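Asks: Structure provided below as structure tokens; questions to follow.
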Amino acid sequence: MKDSTIYSIGHGNKKIEDFINELKSFDIHFLLDIRSKPYSKWNPQFNQAQLKTELEKNGISYVFVGDVLGGLPEDRSCYSFDGKVVYDLIKEKEFFKTGLERLTTANEKQIRLAIMCSESKPEECHRSKLIGQELLKKDISLNHIISNLRIKSQQDVMNELTKGKGTVDLFGQEIDFTSRKSY
């Protein structure tokens, strides 16, 4: 496994100061916002404009990439007949492959960045179930920021999510993760 400079973080209902301190504790230089809609009804401190301003005050660059790495794509062919997001469909789309390639290139250049979504628990977010799993295929383990100086590896997050059953079924097929909370 290659050393990874790619981190993930969820803002949840954190104070903006605590959130920024967590990023600083891992020397993050870029925050890539992977929310499909970069706004928060319940936590306005994480609305795009306000978040960008606060990050830049603290020397962290803000980049929106929710159009290519978001968990709720505009492309309706990424959804099941009952309206659920299907990650197996997203990962085959060119827009997603482009976003993933940006992360891979950043890691090769040793750029310290964090992808951010709203879900505070990585095991309940597409950061781990989609992006983290696809990065693993490229031998890159996503580092999930839990708090100041505390991370979980992609493998640990997936073990928690699947209750230790792994990410492959009895027939050797990769589990088709969706936006549901547990497996």
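Identifiers for the structure tokens are assigned positionally: chains receive A, B, ... in sequence, residues are indexed from 1 per chain, and ligands are indexed from 1 in the order shown.
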How close does each residue of segment 123-162 of chain A get to segment 23-41 of chain A, giving the shortest atom pair and distance in Å to one decimal for every residue with an atom at most 10 Å away, counting only C-alpha atoms, sorted by chain and residue number, as a Markdown table?

Replies:
| residue | atom | partner | partner_atom | distance |
| --- | --- | --- | --- | --- |
| A:His126 | CA | A:Ile34 | CA | 9.5 |
| A:Arg127 | CA | A:Ile34 | CA | 8.4 |
| A:Ile145 | CA | A:Leu23 | CA | 8.1 |
| A:Ser147 | CA | A:Ser25 | CA | 8.8 |
| A:Asn148 | CA | A:Ser25 | CA | 5.7 |
| A:Leu149 | CA | A:Ser25 | CA | 5.6 |
| A:Arg150 | CA | A:Ser25 | CA | 8.9 |
| A:Ile151 | CA | A:Phe26 | CA | 9.4 |

Asks: Residues of segment 7-173 of chain A in alpha helix (DSSP H) according to DSSP, as an mmCIF file with C-alpha atoms, in the first residue's frame?

Replies:
data_model
loop_
_atom_site.group_PDB
_atom_site.id
_atom_site.type_symbol
_atom_site.label_atom_id
_atom_site.label_comp_id
_atom_site.auth_asym_id
_atom_site.auth_seq_id
_atom_site.Cartn_x
_atom_site.Cartn_y
_atom_site.Cartn_z
ATOM 1 C CA ILE A 16 -15.968 25.635 12.298
ATOM 2 C CA GLU A 17 -12.960 26.271 14.574
ATOM 3 C CA ASP A 18 -12.817 22.620 15.653
ATOM 4 C CA PHE A 19 -13.187 21.477 12.057
ATOM 5 C CA ILE A 20 -10.297 23.667 10.904
ATOM 6 C CA ASN A 21 -8.139 22.540 13.835
ATOM 7 C CA GLU A 22 -8.709 18.908 12.830
ATOM 8 C CA LEU A 23 -7.554 19.718 9.284
ATOM 9 C CA LYS A 24 -4.516 21.583 10.590
ATOM 10 C CA SER A 25 -3.585 18.669 12.856
ATOM 11 C CA GLN A 48 -19.847 27.057 0.490
ATOM 12 C CA ALA A 49 -19.068 30.787 0.671
ATOM 13 C CA GLN A 50 -18.683 30.910 4.449
ATOM 14 C CA LEU A 51 -16.601 27.725 4.543
ATOM 15 C CA LYS A 52 -14.304 28.933 1.758
ATOM 16 C CA THR A 53 -13.697 32.232 3.583
ATOM 17 C CA GLU A 54 -12.898 30.540 6.906
ATOM 18 C CA LEU A 55 -10.587 27.985 5.303
ATOM 19 C CA GLU A 56 -8.668 30.600 3.334
ATOM 20 C CA LYS A 57 -8.211 32.690 6.504
ATOM 21 C CA GLY A 66 -19.153 17.762 -5.882
ATOM 22 C CA ASP A 67 -20.002 17.729 -9.581
ATOM 23 C CA VAL A 68 -17.576 14.835 -10.173
ATOM 24 C CA LEU A 69 -17.242 13.160 -6.752
ATOM 25 C CA TYR A 87 -22.468 3.403 -6.401
ATOM 26 C CA ASP A 88 -21.673 0.652 -8.926
ATOM 27 C CA LEU A 89 -23.302 2.851 -11.579
ATOM 28 C CA ILE A 90 -21.492 6.031 -10.479
ATOM 29 C CA GLU A 94 -16.591 9.444 -16.880
ATOM 30 C CA PHE A 95 -17.268 12.343 -14.498
ATOM 31 C CA PHE A 96 -16.452 10.125 -11.506
ATOM 32 C CA LYS A 97 -13.356 8.626 -13.151
ATOM 33 C CA THR A 98 -12.129 12.183 -13.809
ATOM 34 C CA GLY A 99 -12.605 13.122 -10.150
ATOM 35 C CA LEU A 100 -10.889 9.967 -8.947
ATOM 36 C CA GLU A 101 -7.968 10.629 -11.278
ATOM 37 C CA ARG A 102 -7.552 14.085 -9.708
ATOM 38 C CA LEU A 103 -7.201 12.418 -6.300
ATOM 39 C CA THR A 104 -4.756 9.834 -7.637
ATOM 40 C CA THR A 105 -2.615 12.540 -9.243
ATOM 41 C CA ALA A 106 -2.656 14.611 -6.044
ATOM 42 C CA ASN A 107 -1.491 11.588 -4.076
ATOM 43 C CA GLU A 108 1.324 10.912 -6.573
ATOM 44 C CA HIS A 126 -19.876 7.714 0.089
ATOM 45 C CA GLN A 133 -13.060 1.661 -2.090
ATOM 46 C CA GLU A 134 -12.107 2.852 -5.583
ATOM 47 C CA LEU A 135 -8.881 4.405 -4.262
ATOM 48 C CA LEU A 136 -8.005 1.076 -2.611
ATOM 49 C CA GLN A 154 -10.124 2.782 4.880
ATOM 50 C CA GLN A 155 -9.836 -0.887 5.835
ATOM 51 C CA ASP A 156 -10.866 -0.219 9.463
ATOM 52 C CA VAL A 157 -13.878 1.833 8.363
ATOM 53 C CA MET A 158 -15.056 -0.908 5.991
ATOM 54 C CA ASN A 159 -14.604 -3.561 8.695
ATOM 55 C CA GLU A 160 -16.829 -1.494 10.987
ATOM 56 C CA LEU A 161 -19.397 -1.004 8.230
#

Asks: For Ser118 of chain A, list every protein, DNA or RNA residue within 6 Å, evaluated using only C-alpha atoms, and leave out those in the same chain fewer than 6 positions away; present the list as a PyMOL selection string.

Replies: chain A and resi 10-12

Asks: Store the residues picked out above in a file with N, CA and C atoms, as an mmCIF file, in the first residue's frame.

Replies:
data_model
loop_
_atom_site.group_PDB
_atom_site.id
_atom_site.type_symbol
_atom_site.label_atom_id
_atom_site.label_comp_id
_atom_site.auth_asym_id
_atom_site.auth_seq_id
_atom_site.Cartn_x
_atom_site.Cartn_y
_atom_site.Cartn_z
ATOM 1 N N GLY A 10 -15.789 14.593 7.631
ATOM 2 C CA GLY A 10 -17.187 14.995 7.571
ATOM 3 C C GLY A 10 -17.408 16.135 8.539
ATOM 4 N N HIS A 11 -18.169 17.138 8.126
ATOM 5 C CA HIS A 11 -18.322 18.287 9.020
ATOM 6 C C HIS A 11 -19.344 18.051 10.125
ATOM 7 N N GLY A 12 -20.350 17.200 9.890
ATOM 8 C CA GLY A 12 -21.352 16.966 10.929
ATOM 9 C C GLY A 12 -21.860 18.280 11.492
#

Asks: What does the structure give for the distance between atom CA of Ser153 of chain A and atom CA of Gly70 of chain A, in Å to one decimal?

Replies: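 A separation of 20.9 Å between them.
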
Asks: Between atom CA of Val65 of chain A and atom CA of Ser77 of chain A, what is the spacing in Å?

Replies: 19.5 Å

Asks: Could you pull out the strand (DSSP E) residues of segment 38-175 of chain A from DSSP and send them as a list in words?

Replies: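 Taking segment 38-175 of chain A and keeping strand (DSSP E) gives Ser61, Tyr62, Val63, Phe64, Leu113, Ala114, Ile115, Met116, Cys117, Asn143, His144, Ile145, Ile146, Ser147, Arg150, Ile151, Lys152 and Ser153 of chain A.
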
Asks: Write the selection just made, keeping N, CA and C atoms, as an mmCIF file, in the first residue's frame?

Replies:
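Heads up, here's the output in part09.cif:
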data_model
loop_
_atom_site.group_PDB
_atom_site.id
_atom_site.type_symbol
_atom_site.label_atom_id
_atom_site.label_comp_id
_atom_site.auth_asym_id
_atom_site.auth_seq_id
_atom_site.Cartn_x
_atom_site.Cartn_y
_atom_site.Cartn_z
ATOM 1 N N SER A 61 -6.819 25.963 1.060
ATOM 2 C CA SER A 61 -7.548 26.284 -0.174
ATOM 3 C C SER A 61 -8.803 25.420 -0.285
ATOM 4 N N TYR A 62 -9.894 26.033 -0.728
ATOM 5 C CA TYR A 62 -11.180 25.350 -0.918
ATOM 6 C C TYR A 62 -11.373 25.065 -2.403
ATOM 7 N N VAL A 63 -11.778 23.819 -2.722
ATOM 8 C CA VAL A 63 -12.060 23.450 -4.107
ATOM 9 C C VAL A 63 -13.375 22.659 -4.127
ATOM 10 N N PHE A 64 -14.316 23.063 -4.952
ATOM 11 C CA PHE A 64 -15.571 22.325 -5.094
ATOM 12 C C PHE A 64 -15.410 21.249 -6.167
ATOM 13 N N LEU A 113 -4.391 16.716 1.039
ATOM 14 C CA LEU A 113 -5.744 17.230 0.871
ATOM 15 C C LEU A 113 -6.733 16.357 1.623
ATOM 16 N N ALA A 114 -7.889 16.938 1.869
ATOM 17 C CA ALA A 114 -8.987 16.191 2.484
ATOM 18 C C ALA A 114 -10.218 16.377 1.618
ATOM 19 N N ILE A 115 -10.927 15.255 1.385
ATOM 20 C CA ILE A 115 -12.234 15.356 0.747
ATOM 21 C C ILE A 115 -13.242 15.506 1.878
ATOM 22 N N MET A 116 -14.235 16.359 1.682
ATOM 23 C CA MET A 116 -15.186 16.641 2.740
ATOM 24 C C MET A 116 -16.618 16.435 2.284
ATOM 25 N N CYS A 117 -17.396 15.821 3.152
ATOM 26 C CA CYS A 117 -18.834 15.699 2.973
ATOM 27 C C CYS A 117 -19.490 16.086 4.292
ATOM 28 N N ASN A 143 -7.366 8.079 4.389
ATOM 29 C CA ASN A 143 -7.225 8.314 5.830
ATOM 30 C C ASN A 143 -8.437 9.116 6.298
ATOM 31 N N HIS A 144 -9.265 8.534 7.134
ATOM 32 C CA HIS A 144 -10.482 9.210 7.598
ATOM 33 C C HIS A 144 -10.209 9.933 8.914
ATOM 34 N N ILE A 145 -10.332 11.259 8.894
ATOM 35 C CA ILE A 145 -10.102 12.062 10.091
ATOM 36 C C ILE A 145 -11.295 11.900 11.024
ATOM 37 N N ILE A 146 -11.014 11.486 12.251
ATOM 38 C CA ILE A 146 -12.039 11.296 13.274
ATOM 39 C C ILE A 146 -12.036 12.478 14.240
ATOM 40 N N SER A 147 -10.851 12.949 14.605
ATOM 41 C CA SER A 147 -10.689 14.109 15.484
ATOM 42 C C SER A 147 -9.241 14.580 15.356
ATOM 43 N N ARG A 150 -6.323 12.030 15.086
ATOM 44 C CA ARG A 150 -6.861 10.665 15.128
ATOM 45 C C ARG A 150 -7.515 10.340 13.788
ATOM 46 N N ILE A 151 -7.036 9.250 13.169
ATOM 47 C CA ILE A 151 -7.611 8.812 11.903
ATOM 48 C C ILE A 151 -7.961 7.338 11.982
ATOM 49 N N LYS A 152 -8.788 6.916 11.027
ATOM 50 C CA LYS A 152 -9.074 5.502 10.799
ATOM 51 C C LYS A 152 -8.699 5.211 9.353
ATOM 52 N N SER A 153 -8.154 4.036 9.137
ATOM 53 C CA SER A 153 -7.816 3.641 7.769
ATOM 54 C C SER A 153 -9.093 3.260 7.027
#

Asks: Taking into account only C-alpha atoms, which residue in the set A:Asp75, A:Asp82, A:Glu92, A:Glu119 is nearest to Asn13 of chain A?

Replies: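 Of the candidates, the smallest distance to Asn13 of chain A is held by A:Glu119.
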
Asks: From the options A:Ile60, A:Leu72, A:Ile140, A:Met1, which residue's atoms come nearest to Cys125 of chain A, counting only C-alpha atoms?

Replies: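 The shortest atom-to-atom distance to Cys125 of chain A comes from A:Leu72.
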
Asks: In Å, with one decimal, what is the gap from atom CA of Ser120 of chain A to atom CA of Gly132 of chain A?

Replies: 15.2 Å
